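Accompanying notes for the structure given below.
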Amino acid sequence: MKVAITTQDNDIDALVDPRFGRAAWFIIVDPESEEWTAVDNRANADAGGGAGVQAGTIVADQGVGAVITGNVGPNAHRTLAAAGVSVYQAGNGVTAREALRRYKAQELPAVTTPTVAGHWS
């Protein structure tokens, strides 16, 4: 099962982006092999609305089973839940590589409800 990690740059050593829908990049990684690719989400960063739904669709289309992010709003949370994608929360100042390590060690909290209101930036 692949994992999507929101990041501020297109590298696994980039910091986790605190936003889901408006994250600059998604690092799509296979937790077992740790092979990864970067998916550009910068077009959603300045979206007037719908960024969470659009981002949720992007990661679901990548075939991920889990997302690691800082926060997730209500629309994105509904989109991910409908696609069967679990959400986990990483802390501030954490790289995607470290977040992946914590995910694999089951040290990240699962997010079962939105963590912020809509249109949070």
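Please note that chains go A, B, ... in the order of the structure tokens, that every chain numbers its residues from 1, and that ligands are numbered from 1 in the order shown.
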
Next item on the list: Tell me, as a list in words, which residues lie within 9 Å of A:Asn41, counting only C-alpha atoms; anything in the same chain fewer than 3 positions away does not count.
Entry: Gly21, Arg22, Ala23, Ala24, Trp25, Phe26, Asn44, Ala45, Ala55 and Ile58 of chain A

Write out as a PDB file with N, CA, C and O atoms, in the first residue's frame the residues lying within 6 Å of A:Val67, counting only C-alpha atoms and excluding same-chain residues fewer than 5 positions away.
```
ATOM      1  N   VAL A   3       1.749   5.337   0.342  1.00  0.00           N
ATOM      2  CA  VAL A   3       1.428   6.412   1.271  1.00  0.00           C
ATOM      3  C   VAL A   3       1.731   7.739   0.585  1.00  0.00           C
ATOM      4  O   VAL A   3       2.757   7.853  -0.094  1.00  0.00           O
ATOM      5  N   ALA A   4       0.858   8.724   0.766  1.00  0.00           N
ATOM      6  CA  ALA A   4       1.106  10.082   0.271  1.00  0.00           C
ATOM      7  C   ALA A   4       1.471  10.963   1.460  1.00  0.00           C
ATOM      8  O   ALA A   4       0.783  10.949   2.485  1.00  0.00           O
ATOM      9  N   ILE A   5       2.557  11.712   1.321  1.00  0.00           N
ATOM     10  CA  ILE A   5       3.000  12.621   2.378  1.00  0.00           C
ATOM     11  C   ILE A   5       2.993  14.031   1.798  1.00  0.00           C
ATOM     12  O   ILE A   5       3.609  14.274   0.754  1.00  0.00           O
ATOM     13  N   VAL A  87      -5.917   8.780   7.245  1.00  0.00           N
ATOM     14  CA  VAL A  87      -5.136  10.003   7.418  1.00  0.00           C
ATOM     15  C   VAL A  87      -4.389   9.934   8.743  1.00  0.00           C
ATOM     16  O   VAL A  87      -4.956   9.537   9.767  1.00  0.00           O
TER      17      VAL A  87
END
```

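Non-sequential neighbours of stretch 100-102 of chain A (distance at most 9 Å, separation of 3 or more positions within a chain, only C-alpha atoms) are Val3, Ile5, Val29, Pro31, Glu34, Ile68, Ala90, Thr95, Ala96, Arg97, Ala105, Gln106, Glu107 and Leu108 of chain A.
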
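Distances here use only C-alpha atoms; by that measure, the residue among A:Val39, A:Ala110, A:Ile12, A:Val94 closest to A:Asp61 is A:Val39.
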
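Neighbours of A:Val72 closer than or equal to 9 Å, with only C-alpha atoms counted and sequence neighbours fewer than 3 positions away skipped, come out as Pro18, Arg19, Phe20, Gly21, Gly52, Thr69, Asn75, Ala76, His77, Val87, Gln89, Val111, Thr113, Pro114, Thr115, Val116, Ala117, Gly118 and Trp120 of chain A.
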
Notebook entry, point to check: Please, which residues of stretch 16-121 of chain A, numbered as in this document, come out alpha helix (DSSP H) from DSSP, as a VMD selection string?
Noted result: chain A and resid 42 to 45 51 to 61 74 to 82 96 to 104

Export of the given selection (N, CA and C atoms) as an mmCIF file, in the first residue's frame:
```cif
data_model
loop_
_atom_site.group_PDB
_atom_site.id
_atom_site.type_symbol
_atom_site.label_atom_id
_atom_site.label_comp_id
_atom_site.auth_asym_id
_atom_site.auth_seq_id
_atom_site.Cartn_x
_atom_site.Cartn_y
_atom_site.Cartn_z
ATOM 1 N N ARG A 42 1.081 22.251 -6.645
ATOM 2 C CA ARG A 42 1.176 23.703 -6.484
ATOM 3 C C ARG A 42 0.012 24.452 -7.117
ATOM 4 N N ALA A 43 -0.637 23.880 -8.103
ATOM 5 C CA ALA A 43 -1.793 24.546 -8.715
ATOM 6 C C ALA A 43 -2.922 24.736 -7.701
ATOM 7 N N ASN A 44 -3.011 23.871 -6.707
ATOM 8 C CA ASN A 44 -4.049 23.988 -5.678
ATOM 9 C C ASN A 44 -3.705 24.998 -4.597
ATOM 10 N N ALA A 45 -2.445 25.405 -4.511
ATOM 11 C CA ALA A 45 -2.019 26.308 -3.434
ATOM 12 C C ALA A 45 -2.784 27.621 -3.450
ATOM 13 N N ALA A 51 -9.741 23.151 -2.963
ATOM 14 C CA ALA A 51 -8.384 22.600 -2.952
ATOM 15 C C ALA A 51 -8.332 21.245 -2.248
ATOM 16 N N GLY A 52 -9.062 21.097 -1.160
ATOM 17 C CA GLY A 52 -9.046 19.839 -0.416
ATOM 18 C C GLY A 52 -9.636 18.687 -1.197
ATOM 19 N N VAL A 53 -10.747 18.945 -1.883
ATOM 20 C CA VAL A 53 -11.391 17.908 -2.691
ATOM 21 C C VAL A 53 -10.481 17.530 -3.853
ATOM 22 N N GLN A 54 -9.921 18.542 -4.519
ATOM 23 C CA GLN A 54 -9.034 18.282 -5.655
ATOM 24 C C GLN A 54 -7.801 17.497 -5.210
ATOM 25 N N ALA A 55 -7.188 17.907 -4.110
ATOM 26 C CA ALA A 55 -6.007 17.204 -3.600
ATOM 27 C C ALA A 55 -6.359 15.776 -3.185
ATOM 28 N N GLY A 56 -7.521 15.607 -2.557
ATOM 29 C CA GLY A 56 -7.966 14.266 -2.180
ATOM 30 C C GLY A 56 -8.130 13.364 -3.379
ATOM 31 N N THR A 57 -8.649 13.918 -4.457
ATOM 32 C CA THR A 57 -8.814 13.155 -5.693
ATOM 33 C C THR A 57 -7.459 12.794 -6.288
ATOM 34 N N ILE A 58 -6.525 13.738 -6.257
ATOM 35 C CA ILE A 58 -5.176 13.484 -6.795
ATOM 36 C C ILE A 58 -4.528 12.312 -6.080
ATOM 37 N N VAL A 59 -4.536 12.320 -4.746
ATOM 38 C CA VAL A 59 -3.865 11.231 -4.026
ATOM 39 C C VAL A 59 -4.628 9.917 -4.157
ATOM 40 N N ALA A 60 -5.952 9.980 -4.164
ATOM 41 C CA ALA A 60 -6.727 8.742 -4.345
ATOM 42 C C ALA A 60 -6.427 8.121 -5.708
ATOM 43 N N ASP A 61 -6.270 8.964 -6.727
ATOM 44 C CA ASP A 61 -5.949 8.472 -8.065
ATOM 45 C C ASP A 61 -4.551 7.842 -8.132
ATOM 46 N N PRO A 74 -12.443 19.651 6.433
ATOM 47 C CA PRO A 74 -13.619 18.776 6.332
ATOM 48 C C PRO A 74 -13.877 18.221 4.927
ATOM 49 N N ASN A 75 -13.727 19.023 3.893
ATOM 50 C CA ASN A 75 -13.992 18.524 2.539
ATOM 51 C C ASN A 75 -12.951 17.502 2.111
ATOM 52 N N ALA A 76 -11.704 17.787 2.403
ATOM 53 C CA ALA A 76 -10.640 16.829 2.078
ATOM 54 C C ALA A 76 -10.826 15.549 2.884
ATOM 55 N N HIS A 77 -11.193 15.677 4.144
ATOM 56 C CA HIS A 77 -11.386 14.502 4.988
ATOM 57 C C HIS A 77 -12.492 13.614 4.429
ATOM 58 N N ARG A 78 -13.602 14.223 4.006
ATOM 59 C CA ARG A 78 -14.706 13.457 3.416
ATOM 60 C C ARG A 78 -14.269 12.775 2.122
ATOM 61 N N THR A 79 -13.522 13.495 1.295
ATOM 62 C CA THR A 79 -13.054 12.934 0.021
ATOM 63 C C THR A 79 -12.144 11.738 0.261
ATOM 64 N N LEU A 80 -11.209 11.881 1.189
ATOM 65 C CA LEU A 80 -10.287 10.784 1.492
ATOM 66 C C LEU A 80 -11.021 9.600 2.111
ATOM 67 N N ALA A 81 -11.942 9.872 3.035
ATOM 68 C CA ALA A 81 -12.693 8.792 3.674
ATOM 69 C C ALA A 81 -13.519 8.030 2.642
ATOM 70 N N ALA A 82 -14.134 8.751 1.714
ATOM 71 C CA ALA A 82 -14.941 8.101 0.672
ATOM 72 C C ALA A 82 -14.085 7.204 -0.219
ATOM 73 N N ALA A 96 9.563 14.401 5.502
ATOM 74 C CA ALA A 96 8.753 13.289 4.998
ATOM 75 C C ALA A 96 9.408 11.957 5.342
ATOM 76 N N ARG A 97 10.720 11.895 5.247
ATOM 77 C CA ARG A 97 11.427 10.648 5.579
ATOM 78 C C ARG A 97 11.184 10.247 7.034
ATOM 79 N N GLU A 98 11.256 11.235 7.937
ATOM 80 C CA GLU A 98 11.020 10.959 9.358
ATOM 81 C C GLU A 98 9.557 10.603 9.600
ATOM 82 N N ALA A 99 8.645 11.287 8.921
ATOM 83 C CA ALA A 99 7.223 10.968 9.059
ATOM 84 C C ALA A 99 6.950 9.544 8.600
ATOM 85 N N LEU A 100 7.596 9.126 7.523
ATOM 86 C CA LEU A 100 7.444 7.753 7.044
ATOM 87 C C LEU A 100 7.959 6.766 8.080
ATOM 88 N N ARG A 101 9.110 7.077 8.684
ATOM 89 C CA ARG A 101 9.659 6.197 9.727
ATOM 90 C C ARG A 101 8.671 6.064 10.882
ATOM 91 N N ARG A 102 8.103 7.188 11.305
ATOM 92 C CA ARG A 102 7.137 7.173 12.410
ATOM 93 C C ARG A 102 5.863 6.419 12.028
ATOM 94 N N TYR A 103 5.447 6.570 10.784
ATOM 95 C CA TYR A 103 4.271 5.836 10.298
ATOM 96 C C TYR A 103 4.528 4.333 10.374
ATOM 97 N N LYS A 104 5.672 3.914 9.886
ATOM 98 C CA LYS A 104 6.003 2.492 9.886
ATOM 99 C C LYS A 104 6.128 1.945 11.305
#
```

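When atom CA of A:Asp11 is paired with atom CA of A:Tyr88, their separation reads 19.3 Å.
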
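In this structure, atom CA of A:Ile28 sits 9.3 Å away from atom CA of A:Gly63.
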
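Rounded to one decimal, atom CA of A:Asp13 and atom CA of A:Gly93 lie 11.2 Å from each other.
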